[in-house]
Amino acid sequence: MNPLLSDNLSIIRGRHTFKTGFRYSHITQYQSSDANIWPTLALGQGNGNAVPGTIGPSGAQIATADRQRFDNLYNDLLGRVSAVNTTFYSDLQTFQKAGTPRVRNFIFRDYGGYFQDDWRIGKSLTLNLGLRWEFFSVPFERDQLQGQIVQSASGLVNTVGQISDLTVARSNKWVNSDRNNFAPRFGFAWSPGNDGKTSIRGSWGMFYDRVIGSASIDPDSTTPGFAQATSVFPNQAAGSDIRASDSNLPLPAPPGTPLLTPAATRTFGAINLFDPNFRQPYVMQMSLTVQREIMRNTVVEAGYVSNRGVKQLLDQNVNQTRIYTSGFLDDFRALQAFQANGTVPAAGTALVRMFGTPAAAIAAIGATPVRQGSVGAAANTIDTSNYTRYAGAGLSQFYLRNFPQFTNVWVSTNMGRSYYDSLQLSLRRQAGALKGALNYTFSKTIDNGSVDGGGNTGPLDNYNFRLMRSRSDIDRPHTFNWSVAYTLPVGRGRMIGSGMPDWADRIVAGWEIGSLGFVTVGQPLSISSGIFTGPNVTDFGPLASNLGSLADYNGTDRSIGKIERFGGGVRFFTPEQTRMFSVAPAGQIGNSGRNTFRGPGFFNTDLSIVKRFRLRERMFTTFRAEAYNLLNTVNFVAPAVNLQTPQTFGVISATPTGASNQSGARILQFALRFDF
């Protein structure tokens with residue numbers, strides 16, 4: 001049960017209308033996982049479970065592929081076990097027995113209160129003044145199945161900290177409480193003049209909201225110590241032939257004590273944390289509109305609408321490899337020179353000390369990453385696969401990473417910012433034979449990360465978020481939409497056929513034609529080099545083809561690109577435009593910029609024809625004819641933007657799809673409804 005309590009009170013005193021109220025909610029977010037809690041059998045060929053060569057056909061009697069099929073079938077039919085796997089869950093003190101699921105009951109408690117005064121100063125002016133207070137309590141696990149990195153709680157897990165023994169301890173919170181969430185509001189409505197046809201409205205307010213549930217408990221799924229997979233290999237000993245039906249089949253036993261301090265071997269993978277001083281994100285919204293009635297039931301409106309997202313959730317990987325300050329980038333460039341023209345690096349470079357020779361260092365990294373300039377991938381390879389060589393080369397275990405127990409340490413911070421400014425124009429008619437609305441918005445949206453919550457926008461450089469400040473993924477500077485309905489002037493008492501008989505009026509009168517439409521420019525595009533020439537090895541999005549760092553661009557016009565059919569399909573960039581992009585040198589993230597280009601636009605219009613037939617006094621039949629995508633317009637998704645796939649770069653491979661038939665072929669639909 002998730003109780004919600006609220007109450008509101010209004011008091012009218014003279015020109016003032018006072019409103020006050022409160023709200024309390026108690027939410028339990030239940031989670032359960034039974035993945036692999038019971039022994040799971042594998043019947044493969046590994047771990048000593050290969051079929052003896054003396055069994056079945058061999059040599060020239062059977063092809064290699066067929067022999068492999070025989071071995072797999074032999075193990076499957078007889079149930080010969082190569083491994084038994086089980087995941088055990090703990091409470092950070094002891095492991096539970098097999099078959100016990102992972103259960104969480106996170107408690108969220110939210111409190112809010114407000115006071116507002118609607119003050120009617122005069123017949124033509126009203127002020128709205130208010131203040132709201134919000135408190136979103138820190139979520140906690142009901143049964144104390146919650147852990148925290150001890151050093152994170154002390155604020156030591158950051159971009160400058162270097163710790164090799166991050167340790168988990170029980171805790172009932174990941175962040176400190178934020179009680180300072182006061183949100184003032186102000187608004188006014190003014191009708192100048194005496195005709196009552198003009199209205200000017202303005203507002204400003206702050207609005208807090210809880211970080212969505214999946215993000216607010218994100219650390220739980222990656223906290224070390226709560227789960228451990230255990231495996232046994234029944235047939236590992238020579239000559240053994242244990243099968244699934246055997247009574248002596250060994251099963252994994254619960255581990256001893258949970259491992260709360262993972263080894264500094266980078267093998268744990270990624271961990272998610274919160275900045276202990278994380279504060280509640282908020283938005284400041286502003287608007288100023290002028291509305292004028294230009295004729296009966298017809299209004300035009302112009303307004304400025306803006307909002308600012310402040311202290312928004314933004315994930316930062318504080319364990320990104322440090323290629324700039326460690327000297328790794330210079331050493332990597334020396335290897336590139338050696339590979340290209342045989343220039344021998346200085347003997348004292350770290351990579352040569354680690355591997356003895358430049359050639360050995362290149363072999364360890366891979367010849368291709370060195371040739372391509374993929375310094376980010378090279379640093380990751382060195383640190384995850386060759387860190388055992390650090391000590392012999394006189395290097396610290398923090399040579400490339402701040403926290404060598406993990407590959408990535410994501411910290412949820414308040415560094416997210418967003419900015420939206422718009423001019424909004426509209427024309428509305430709300431009565432009569434012709435009614436509807438025309439709306440146009442001219443806007444700009446800027447941010448330094450367009451996705452938060454259940455996912456994140458991988459930054460180009462976790463230590464330099466300024467590189468991410470640009471047009472938002474959702475920026476659409478020009479948007480126009482309309483909704484119009486027109487009742488034909490035919491029938492009794494109308495312009496055409498005003499004197500027609502009743503039977504004819506029932507057939508030809510009351511036909512209504514409606515239209516809906518939407519036009520907008522395309523989504524912003526980031527052009528990807530496909531190579532990790534910068535320090536980061538996470539994809540920066542938003543497109544699936546945004547891999548590696550940004551590309552370099554040697555042009556000046558970033559409005560290039562248009563739909564063009566060619567022999568292989570549809571492309572957005574011409575071959576000449578494609579040649580203007582290139583891979584940036586090692587250590588650079590590309591000068592093309594985040595979201596500086598724009599993909600194909602979108603256009604759609606629908607049409608409806610509706611007629612209601614009166615059969616008797618209380619009996620009606622309604623006929624509807626609807627056309628979706630009336631003009632059969634083909635819209636396109638963004639093109640592929642990865643330079644490492646030249647055969648598809650700039651090529652469009654799909655159209656938008658969705659429940660609303662966003663861009664499918666024209667659909668005609670007819671319906672008949674009987675009302676009585």
# chains A, B, ... in the order shown; residues from 1 in each chain; ligands from 1
>>> residues_around(residues="Tyr387 of chain A", least_positions_apart="3", cutoff="8 Å", atoms="only C-alpha atoms", output="ChimeraX atom specification")
/A:265,382-384,390,397
>>> select_by_dssp(residues="segment 570-599 of chain A", states="strand (DSSP E or B)", output="MDAnalysis selection string")
chainID A and resid 570:571 581:583 597:598
>>> write_last_selection(atoms="N, CA and C atoms", output="PDB file, in the first residue's frame")
ATOM      1  N   VAL A 570      18.926   5.946 -50.224  1.00  0.00           N
ATOM      2  CA  VAL A 570      18.730   7.352 -49.886  1.00  0.00           C
ATOM      3  C   VAL A 570      19.902   7.811 -49.030  1.00  0.00           C
ATOM      4  N   ARG A 571      20.489   8.946 -49.379  1.00  0.00           N
ATOM      5  CA  ARG A 571      21.591   9.475 -48.589  1.00  0.00           C
ATOM      6  C   ARG A 571      21.307  10.925 -48.219  1.00  0.00           C
ATOM      7  N   PHE A 581      34.880  15.352 -43.801  1.00  0.00           N
ATOM      8  CA  PHE A 581      35.033  14.825 -42.444  1.00  0.00           C
ATOM      9  C   PHE A 581      36.238  13.899 -42.391  1.00  0.00           C
ATOM     10  N   SER A 582      36.901  13.892 -41.247  1.00  0.00           N
ATOM     11  CA  SER A 582      38.064  13.025 -41.068  1.00  0.00           C
ATOM     12  C   SER A 582      38.229  12.700 -39.591  1.00  0.00           C
ATOM     13  N   VAL A 583      39.076  11.724 -39.320  1.00  0.00           N
ATOM     14  CA  VAL A 583      39.361  11.329 -37.939  1.00  0.00           C
ATOM     15  C   VAL A 583      40.349  12.316 -37.332  1.00  0.00           C
ATOM     16  N   PHE A 597      25.309  19.759 -36.565  1.00  0.00           N
ATOM     17  CA  PHE A 597      24.648  19.521 -37.844  1.00  0.00           C
ATOM     18  C   PHE A 597      23.190  19.138 -37.574  1.00  0.00           C
ATOM     19  N   ARG A 598      22.401  19.047 -38.616  1.00  0.00           N
ATOM     20  CA  ARG A 598      20.977  18.764 -38.418  1.00  0.00           C
ATOM     21  C   ARG A 598      20.487  17.793 -39.482  1.00  0.00           C
TER      22      ARG A 598
END
>>> select_by_dssp(residues="segment 491-646 of chain A", states="helix (DSSP H, G or I)", output="PyMOL selection string")
chain A and resi 502-508+575-578
>>> closest_residue(among="A:Ala227, A:Ile323, A:Ala363, A:Ile507", to="Asp91 of chain A", atoms="only C-alpha atoms")
A:Ala227
>>> residues_around(residues="segment 298-300 of chain A", least_positions_apart="3", cutoff="12 Å", atoms="only C-alpha atoms", output="PDB file with N, CA, C and O atoms, in the first residue's frame")
ATOM      1  N   LYS A 197     -10.342  43.271 -24.697  1.00  0.00           N
ATOM      2  CA  LYS A 197      -9.907  42.397 -25.788  1.00  0.00           C
ATOM      3  C   LYS A 197      -8.410  42.088 -25.754  1.00  0.00           C
ATOM      4  O   LYS A 197      -7.931  41.300 -26.563  1.00  0.00           O
ATOM      5  N   THR A 198      -7.691  42.738 -24.857  1.00  0.00           N
ATOM      6  CA  THR A 198      -6.246  42.529 -24.768  1.00  0.00           C
ATOM      7  C   THR A 198      -5.901  42.015 -23.377  1.00  0.00           C
ATOM      8  O   THR A 198      -6.437  42.499 -22.372  1.00  0.00           O
ATOM      9  N   SER A 199      -5.003  41.036 -23.327  1.00  0.00           N
ATOM     10  CA  SER A 199      -4.579  40.483 -22.049  1.00  0.00           C
ATOM     11  C   SER A 199      -3.075  40.258 -22.093  1.00  0.00           C
ATOM     12  O   SER A 199      -2.540  39.718 -23.075  1.00  0.00           O
ATOM     13  N   THR A 289       3.272  36.686 -22.138  1.00  0.00           N
ATOM     14  CA  THR A 289       2.443  36.542 -23.328  1.00  0.00           C
ATOM     15  C   THR A 289       1.513  37.740 -23.479  1.00  0.00           C
ATOM     16  O   THR A 289       1.073  38.340 -22.488  1.00  0.00           O
ATOM     17  N   VAL A 290       1.231  38.067 -24.729  1.00  0.00           N
ATOM     18  CA  VAL A 290       0.270  39.113 -25.070  1.00  0.00           C
ATOM     19  C   VAL A 290      -0.792  38.475 -25.949  1.00  0.00           C
ATOM     20  O   VAL A 290      -0.480  37.845 -26.969  1.00  0.00           O
ATOM     21  N   GLN A 291      -2.059  38.642 -25.545  1.00  0.00           N
ATOM     22  CA  GLN A 291      -3.175  38.032 -26.260  1.00  0.00           C
ATOM     23  C   GLN A 291      -4.156  39.125 -26.681  1.00  0.00           C
ATOM     24  O   GLN A 291      -4.463  40.041 -25.913  1.00  0.00           O
ATOM     25  N   ARG A 292      -4.668  39.027 -27.918  1.00  0.00           N
ATOM     26  CA  ARG A 292      -5.587  40.033 -28.435  1.00  0.00           C
ATOM     27  C   ARG A 292      -6.696  39.355 -29.237  1.00  0.00           C
ATOM     28  O   ARG A 292      -6.430  38.510 -30.095  1.00  0.00           O
ATOM     29  N   GLU A 293      -7.948  39.740 -28.927  1.00  0.00           N
ATOM     30  CA  GLU A 293      -9.080  39.268 -29.702  1.00  0.00           C
ATOM     31  C   GLU A 293      -9.238  40.182 -30.911  1.00  0.00           C
ATOM     32  O   GLU A 293      -9.587  41.360 -30.785  1.00  0.00           O
ATOM     33  N   ILE A 294      -8.975  39.649 -32.101  1.00  0.00           N
ATOM     34  CA  ILE A 294      -8.994  40.478 -33.303  1.00  0.00           C
ATOM     35  C   ILE A 294     -10.362  40.492 -33.964  1.00  0.00           C
ATOM     36  O   ILE A 294     -10.658  41.385 -34.754  1.00  0.00           O
ATOM     37  N   MET A 295     -11.196  39.503 -33.693  1.00  0.00           N
ATOM     38  CA  MET A 295     -12.586  39.480 -34.123  1.00  0.00           C
ATOM     39  C   MET A 295     -13.313  38.507 -33.204  1.00  0.00           C
ATOM     40  O   MET A 295     -12.690  37.838 -32.385  1.00  0.00           O
ATOM     41  N   GLY A 303       4.101  35.087 -27.348  1.00  0.00           N
ATOM     42  CA  GLY A 303       4.672  34.941 -26.018  1.00  0.00           C
ATOM     43  C   GLY A 303       6.117  34.515 -26.034  1.00  0.00           C
ATOM     44  O   GLY A 303       6.586  33.864 -26.984  1.00  0.00           O
ATOM     45  N   GLN A 424       6.654  32.035 -29.114  1.00  0.00           N
ATOM     46  CA  GLN A 424       5.517  31.201 -29.477  1.00  0.00           C
ATOM     47  C   GLN A 424       4.378  32.072 -29.984  1.00  0.00           C
ATOM     48  O   GLN A 424       3.930  32.998 -29.300  1.00  0.00           O
ATOM     49  N   LEU A 425       3.913  31.779 -31.199  1.00  0.00           N
ATOM     50  CA  LEU A 425       2.834  32.529 -31.840  1.00  0.00           C
ATOM     51  C   LEU A 425       1.670  31.587 -32.111  1.00  0.00           C
ATOM     52  O   LEU A 425       1.878  30.426 -32.500  1.00  0.00           O
ATOM     53  N   SER A 426       0.456  32.091 -31.924  1.00  0.00           N
ATOM     54  CA  SER A 426      -0.703  31.253 -32.194  1.00  0.00           C
ATOM     55  C   SER A 426      -1.888  32.098 -32.644  1.00  0.00           C
ATOM     56  O   SER A 426      -2.007  33.281 -32.298  1.00  0.00           O
ATOM     57  N   LEU A 427      -2.739  31.468 -33.434  1.00  0.00           N
ATOM     58  CA  LEU A 427      -4.004  32.036 -33.879  1.00  0.00           C
ATOM     59  C   LEU A 427      -5.067  30.986 -33.607  1.00  0.00           C
ATOM     60  O   LEU A 427      -4.976  29.851 -34.089  1.00  0.00           O
ATOM     61  N   ARG A 428      -6.089  31.352 -32.810  1.00  0.00           N
ATOM     62  CA  ARG A 428      -7.109  30.387 -32.407  1.00  0.00           C
ATOM     63  C   ARG A 428      -8.511  30.948 -32.656  1.00  0.00           C
ATOM     64  O   ARG A 428      -8.782  32.120 -32.354  1.00  0.00           O
ATOM     65  N   ARG A 429      -9.345  30.098 -33.192  1.00  0.00           N
ATOM     66  CA  ARG A 429     -10.766  30.430 -33.350  1.00  0.00           C
ATOM     67  C   ARG A 429     -11.560  29.292 -32.729  1.00  0.00           C
ATOM     68  O   ARG A 429     -11.382  28.126 -33.106  1.00  0.00           O
ATOM     69  N   GLN A 430     -12.434  29.607 -31.780  1.00  0.00           N
ATOM     70  CA  GLN A 430     -13.033  28.585 -30.937  1.00  0.00           C
ATOM     71  C   GLN A 430     -14.519  28.378 -31.174  1.00  0.00           C
ATOM     72  O   GLN A 430     -15.149  27.593 -30.467  1.00  0.00           O
ATOM     73  N   ALA A 431     -15.132  29.058 -32.101  1.00  0.00           N
ATOM     74  CA  ALA A 431     -16.557  28.876 -32.359  1.00  0.00           C
ATOM     75  C   ALA A 431     -16.852  29.211 -33.807  1.00  0.00           C
ATOM     76  O   ALA A 431     -16.033  29.815 -34.510  1.00  0.00           O
ATOM     77  N   GLY A 432     -18.048  28.814 -34.282  1.00  0.00           N
ATOM     78  CA  GLY A 432     -18.432  29.086 -35.652  1.00  0.00           C
ATOM     79  C   GLY A 432     -18.174  27.901 -36.562  1.00  0.00           C
ATOM     80  O   GLY A 432     -17.710  26.842 -36.146  1.00  0.00           O
ATOM     81  N   LEU A 434     -15.932  27.635 -38.901  1.00  0.00           N
ATOM     82  CA  LEU A 434     -14.488  27.411 -39.012  1.00  0.00           C
ATOM     83  C   LEU A 434     -13.867  27.633 -37.642  1.00  0.00           C
ATOM     84  O   LEU A 434     -13.936  28.721 -37.077  1.00  0.00           O
ATOM     85  N   LYS A 435     -13.237  26.596 -37.116  1.00  0.00           N
ATOM     86  CA  LYS A 435     -12.579  26.716 -35.818  1.00  0.00           C
ATOM     87  C   LYS A 435     -11.301  25.898 -35.845  1.00  0.00           C
ATOM     88  O   LYS A 435     -11.152  24.936 -36.607  1.00  0.00           O
ATOM     89  N   GLY A 436     -10.366  26.289 -34.993  1.00  0.00           N
ATOM     90  CA  GLY A 436      -9.104  25.575 -34.946  1.00  0.00           C
ATOM     91  C   GLY A 436      -7.997  26.441 -34.396  1.00  0.00           C
ATOM     92  O   GLY A 436      -8.236  27.495 -33.791  1.00  0.00           O
ATOM     93  N   ALA A 437      -6.760  25.999 -34.614  1.00  0.00           N
ATOM     94  CA  ALA A 437      -5.603  26.708 -34.078  1.00  0.00           C
ATOM     95  C   ALA A 437      -4.417  26.529 -35.005  1.00  0.00           C
ATOM     96  O   ALA A 437      -4.203  25.443 -35.571  1.00  0.00           O
ATOM     97  N   LEU A 438      -3.636  27.599 -35.162  1.00  0.00           N
ATOM     98  CA  LEU A 438      -2.366  27.574 -35.872  1.00  0.00           C
ATOM     99  C   LEU A 438      -1.294  27.987 -34.873  1.00  0.00           C
ATOM    100  O   LEU A 438      -1.438  29.008 -34.188  1.00  0.00           O
ATOM    101  N   ASN A 439      -0.223  27.208 -34.770  1.00  0.00           N
ATOM    102  CA  ASN A 439       0.811  27.470 -33.774  1.00  0.00           C
ATOM    103  C   ASN A 439       2.193  27.395 -34.411  1.00  0.00           C
ATOM    104  O   ASN A 439       2.486  26.458 -35.168  1.00  0.00           O
ATOM    105  N   TYR A 440       3.029  28.365 -34.089  1.00  0.00           N
ATOM    106  CA  TYR A 440       4.418  28.380 -34.559  1.00  0.00           C
ATOM    107  C   TYR A 440       5.329  28.672 -33.372  1.00  0.00           C
ATOM    108  O   TYR A 440       5.040  29.550 -32.549  1.00  0.00           O
TER     109      TYR A 440
END
>>> atom_distance(atom1="atom CA of Gly205 of chain A", atom2="atom CA of Ile121 of chain A")
20.6 Å
>>> closest_atom_pairs(of="segment 227-289 of chain A", to="segment 47-52 of chain A", cutoff="12 Å", atoms="only C-alpha atoms", output="tab-separated table")
residue	atom	partner	partner_atom	distance
A:Ser231	CA	A:Asn47	CA	11.0
A:Val232	CA	A:Asn47	CA	9.5
A:Phe233	CA	A:Asn47	CA	6.3
A:Pro234	CA	A:Asn47	CA	8.4
A:Asn235	CA	A:Gly48	CA	5.5
A:Gln236	CA	A:Gly48	CA	4.4
A:Ala237	CA	A:Gly48	CA	6.9
A:Ala238	CA	A:Gly48	CA	7.2
A:Gly239	CA	A:Gly48	CA	8.9
A:Ser240	CA	A:Gly48	CA	8.5
A:Asp241	CA	A:Asn49	CA	7.9
A:Ile242	CA	A:Asn49	CA	9.2
A:Arg243	CA	A:Asn49	CA	10.3
>>> atom_distance(atom1="atom CA of Asp315 of chain A", atom2="atom CA of Tyr30 of chain A")
24.5 Å
>>> residues_around(residues="Pro477 of chain A", least_positions_apart="2", cutoff="12 Å", atoms="only C-alpha atoms", output="VMD selection string")
chain A and resid 420 to 424 440 to 446 471 to 475 479 to 480 519 to 524 598 601
>>> residues_around(residues="Tyr553 of chain A", least_positions_apart="5", cutoff="10 Å", atoms="only C-alpha atoms", output="list in words")
Ile527, Arg558, Gln577, Thr578, Arg579, Met580, Phe581, Ser582, Val583, Ala584, Gly590, Asn591, Ser592 and Gly593 of chain A
>>> write_last_selection(atoms="C-alpha atoms", output="JSON list (two decimals), in the first residue's frame")
[["chain", "number", "residue", "atom", "x", "y", "z"],
["A", 527, "ILE", "CA", 29.38, 13.33, -36.58],
["A", 558, "ARG", "CA", 27.21, 23.26, -40.92],
["A", 577, "GLN", "CA", 30.44, 16.53, -48.24],
["A", 578, "THR", "CA", 31.53, 13.21, -46.77],
["A", 579, "ARG", "CA", 35.14, 13.92, -47.75],
["A", 580, "MET", "CA", 35.06, 17.04, -45.56],
["A", 581, "PHE", "CA", 35.03, 14.82, -42.44],
["A", 582, "SER", "CA", 38.06, 13.02, -41.07],
["A", 583, "VAL", "CA", 39.36, 11.33, -37.94],
["A", 584, "ALA", "CA", 40.95, 13.71, -35.43],
["A", 590, "GLY", "CA", 37.29, 16.41, -33.05],
["A", 591, "ASN", "CA", 36.42, 19.98, -34.04],
["A", 592, "SER", "CA", 33.04, 19.25, -35.64],
["A", 593, "GLY", "CA", 31.28, 19.83, -32.31]]
>>> residues_around(residues="segment 317-320 of chain A", least_positions_apart="5", cutoff="9 Å", atoms="only C-alpha atoms", output="ChimeraX atom specification")
/A:157-161,380,400-404,406-412,458-459,461-463,535-537
>>> write_last_selection(atoms="N, CA and C atoms", output="PDB file, in the first residue's frame")
ATOM      1  N   VAL A 157      35.552  10.197  -3.270  1.00  0.00           N
ATOM      2  CA  VAL A 157      35.514   9.630  -4.621  1.00  0.00           C
ATOM      3  C   VAL A 157      35.173  10.764  -5.586  1.00  0.00           C
ATOM      4  N   ASN A 158      36.201  11.309  -6.209  1.00  0.00           N
ATOM      5  CA  ASN A 158      36.043  12.444  -7.106  1.00  0.00           C
ATOM      6  C   ASN A 158      37.132  12.399  -8.165  1.00  0.00           C
ATOM      7  N   THR A 159      37.264  13.442  -8.940  1.00  0.00           N
ATOM      8  CA  THR A 159      38.212  13.430 -10.057  1.00  0.00           C
ATOM      9  C   THR A 159      39.660  13.509  -9.612  1.00  0.00           C
ATOM     10  N   VAL A 160      39.937  13.913  -8.377  1.00  0.00           N
ATOM     11  CA  VAL A 160      41.325  14.045  -7.915  1.00  0.00           C
ATOM     12  C   VAL A 160      41.691  12.993  -6.885  1.00  0.00           C
ATOM     13  N   GLY A 161      40.705  12.274  -6.354  1.00  0.00           N
ATOM     14  CA  GLY A 161      41.007  11.230  -5.379  1.00  0.00           C
ATOM     15  C   GLY A 161      41.646  10.021  -6.038  1.00  0.00           C
ATOM     16  N   ASN A 380      42.854   2.164 -22.181  1.00  0.00           N
ATOM     17  CA  ASN A 380      42.007   1.192 -21.504  1.00  0.00           C
ATOM     18  C   ASN A 380      42.610  -0.206 -21.581  1.00  0.00           C
ATOM     19  N   LEU A 400      47.001   5.338 -14.695  1.00  0.00           N
ATOM     20  CA  LEU A 400      45.971   5.761 -15.641  1.00  0.00           C
ATOM     21  C   LEU A 400      44.591   5.906 -15.014  1.00  0.00           C
ATOM     22  N   ARG A 401      44.332   5.239 -13.912  1.00  0.00           N
ATOM     23  CA  ARG A 401      43.004   5.311 -13.300  1.00  0.00           C
ATOM     24  C   ARG A 401      43.109   5.680 -11.829  1.00  0.00           C
ATOM     25  N   ASN A 402      42.104   6.436 -11.364  1.00  0.00           N
ATOM     26  CA  ASN A 402      42.086   6.865  -9.966  1.00  0.00           C
ATOM     27  C   ASN A 402      41.682   5.753  -9.015  1.00  0.00           C
ATOM     28  N   PHE A 403      40.862   4.823  -9.503  1.00  0.00           N
ATOM     29  CA  PHE A 403      40.315   3.785  -8.626  1.00  0.00           C
ATOM     30  C   PHE A 403      40.481   2.435  -9.318  1.00  0.00           C
ATOM     31  N   PRO A 404      41.655   1.796  -9.136  1.00  0.00           N
ATOM     32  CA  PRO A 404      42.014   0.619  -9.939  1.00  0.00           C
ATOM     33  C   PRO A 404      41.223  -0.645  -9.636  1.00  0.00           C
ATOM     34  N   PHE A 406      38.087  -0.806 -10.221  1.00  0.00           N
ATOM     35  CA  PHE A 406      36.973  -0.778 -11.155  1.00  0.00           C
ATOM     36  C   PHE A 406      37.432  -0.201 -12.494  1.00  0.00           C
ATOM     37  N   THR A 407      36.651  -0.478 -13.541  1.00  0.00           N
ATOM     38  CA  THR A 407      36.920   0.145 -14.831  1.00  0.00           C
ATOM     39  C   THR A 407      36.277   1.527 -14.899  1.00  0.00           C
ATOM     40  N   ASN A 408      34.995   1.628 -14.498  1.00  0.00           N
ATOM     41  CA  ASN A 408      34.287   2.904 -14.497  1.00  0.00           C
ATOM     42  C   ASN A 408      33.675   3.154 -13.126  1.00  0.00           C
ATOM     43  N   VAL A 409      33.786   4.375 -12.654  1.00  0.00           N
ATOM     44  CA  VAL A 409      33.143   4.783 -11.405  1.00  0.00           C
ATOM     45  C   VAL A 409      32.257   5.977 -11.741  1.00  0.00           C
ATOM     46  N   TRP A 410      30.978   5.717 -11.926  1.00  0.00           N
ATOM     47  CA  TRP A 410      30.028   6.762 -12.307  1.00  0.00           C
ATOM     48  C   TRP A 410      29.467   7.420 -11.053  1.00  0.00           C
ATOM     49  N   VAL A 411      29.616   8.723 -10.966  1.00  0.00           N
ATOM     50  CA  VAL A 411      29.105   9.490  -9.833  1.00  0.00           C
ATOM     51  C   VAL A 411      27.996  10.412 -10.345  1.00  0.00           C
ATOM     52  N   SER A 412      26.817  10.303  -9.737  1.00  0.00           N
ATOM     53  CA  SER A 412      25.706  11.182 -10.099  1.00  0.00           C
ATOM     54  C   SER A 412      25.914  12.538  -9.442  1.00  0.00           C
ATOM     55  N   GLY A 458      26.970   9.798 -22.519  1.00  0.00           N
ATOM     56  CA  GLY A 458      28.390   9.658 -22.262  1.00  0.00           C
ATOM     57  C   GLY A 458      29.136  10.900 -22.693  1.00  0.00           C
ATOM     58  N   PRO A 459      29.797  11.609 -21.787  1.00  0.00           N
ATOM     59  CA  PRO A 459      30.489  12.846 -22.174  1.00  0.00           C
ATOM     60  C   PRO A 459      31.716  12.558 -23.020  1.00  0.00           C
ATOM     61  N   ASP A 461      34.570  14.056 -22.649  1.00  0.00           N
ATOM     62  CA  ASP A 461      35.672  14.025 -21.696  1.00  0.00           C
ATOM     63  C   ASP A 461      35.079  14.285 -20.320  1.00  0.00           C
ATOM     64  N   ASN A 462      35.125  13.275 -19.454  1.00  0.00           N
ATOM     65  CA  ASN A 462      34.519  13.394 -18.132  1.00  0.00           C
ATOM     66  C   ASN A 462      35.181  14.450 -17.260  1.00  0.00           C
ATOM     67  N   TYR A 463      36.370  14.885 -17.643  1.00  0.00           N
ATOM     68  CA  TYR A 463      37.052  15.913 -16.862  1.00  0.00           C
ATOM     69  C   TYR A 463      36.905  17.298 -17.489  1.00  0.00           C
ATOM     70  N   PRO A 535      40.004  10.739 -24.480  1.00  0.00           N
ATOM     71  CA  PRO A 535      40.237   9.861 -23.328  1.00  0.00           C
ATOM     72  C   PRO A 535      39.087   8.914 -23.033  1.00  0.00           C
ATOM     73  N   ASN A 536      37.907   9.201 -23.558  1.00  0.00           N
ATOM     74  CA  ASN A 536      36.729   8.441 -23.164  1.00  0.00           C
ATOM     75  C   ASN A 536      36.521   7.240 -24.072  1.00  0.00           C
ATOM     76  N   VAL A 537      36.024   6.142 -23.515  1.00  0.00           N
ATOM     77  CA  VAL A 537      35.718   4.950 -24.306  1.00  0.00           C
ATOM     78  C   VAL A 537      34.254   4.554 -24.135  1.00  0.00           C
TER      79      VAL A 537
END
>>> residues_around(residues="Ala346 of chain A", least_positions_apart="3", cutoff="10 Å", atoms="only C-alpha atoms", output="MDAnalysis selection string")
chainID A and resid 331 334 343 349:350 352:353 358
>>> closest_atom_pairs(of="segment 216-308 of chain A", to="segment 135-138 of chain A", cutoff="12 Å", atoms="only C-alpha atoms", output="JSON lines")
{"residue": "A:Ser216", "atom": "CA", "partner": "A:Val138", "partner_atom": "CA", "distance": 8.5}
{"residue": "A:Ile217", "atom": "CA", "partner": "A:Val138", "partner_atom": "CA", "distance": 9.7}
{"residue": "A:Phe274", "atom": "CA", "partner": "A:Val138", "partner_atom": "CA", "distance": 11.5}
{"residue": "A:Pro276", "atom": "CA", "partner": "A:Val138", "partner_atom": "CA", "distance": 11.0}
{"residue": "A:Asn277", "atom": "CA", "partner": "A:Val138", "partner_atom": "CA", "distance": 11.6}
{"residue": "A:Phe278", "atom": "CA", "partner": "A:Val138", "partner_atom": "CA", "distance": 10.5}
{"residue": "A:Arg279", "atom": "CA", "partner": "A:Phe136", "partner_atom": "CA", "distance": 10.3}
{"residue": "A:Gln280", "atom": "CA", "partner": "A:Phe136", "partner_atom": "CA", "distance": 8.0}
{"residue": "A:Pro281", "atom": "CA", "partner": "A:Phe136", "partner_atom": "CA", "distance": 11.0}
>>> write_last_selection(atoms="N, CA and C atoms", output="CSV table (one decimal), in the first residue's frame")
chain,number,residue,atom,x,y,z
A,216,SER,N,17.4,7.2,-8.7
A,216,SER,CA,17.6,7.5,-7.3
A,216,SER,C,18.1,6.3,-6.5
A,217,ILE,N,17.9,5.0,-7.1
A,217,ILE,CA,18.4,3.8,-6.4
A,217,ILE,C,19.4,3.1,-7.3
A,274,PHE,N,26.5,8.1,-5.8
A,274,PHE,CA,26.0,9.5,-5.8
A,274,PHE,C,27.0,10.4,-5.1
A,276,PRO,N,27.7,12.6,-2.3
A,276,PRO,CA,27.0,12.6,-1.0
A,276,PRO,C,26.3,14.0,-0.8
A,277,ASN,N,26.7,15.0,-1.4
A,277,ASN,CA,26.1,16.3,-1.2
A,277,ASN,C,25.2,16.7,-2.4
A,278,PHE,N,24.7,15.6,-3.1
A,278,PHE,CA,23.8,15.8,-4.2
A,278,PHE,C,22.5,16.6,-3.7
A,279,ARG,N,22.1,17.6,-4.5
A,279,ARG,CA,21.0,18.4,-4.2
A,279,ARG,C,19.9,18.2,-5.2
A,280,GLN,N,18.6,18.5,-4.7
A,280,GLN,CA,17.5,18.3,-5.6
A,280,GLN,C,17.5,19.2,-6.8
A,281,PRO,N,17.4,18.6,-8.0
A,281,PRO,CA,17.4,19.5,-9.2
A,281,PRO,C,16.1,20.3,-9.3
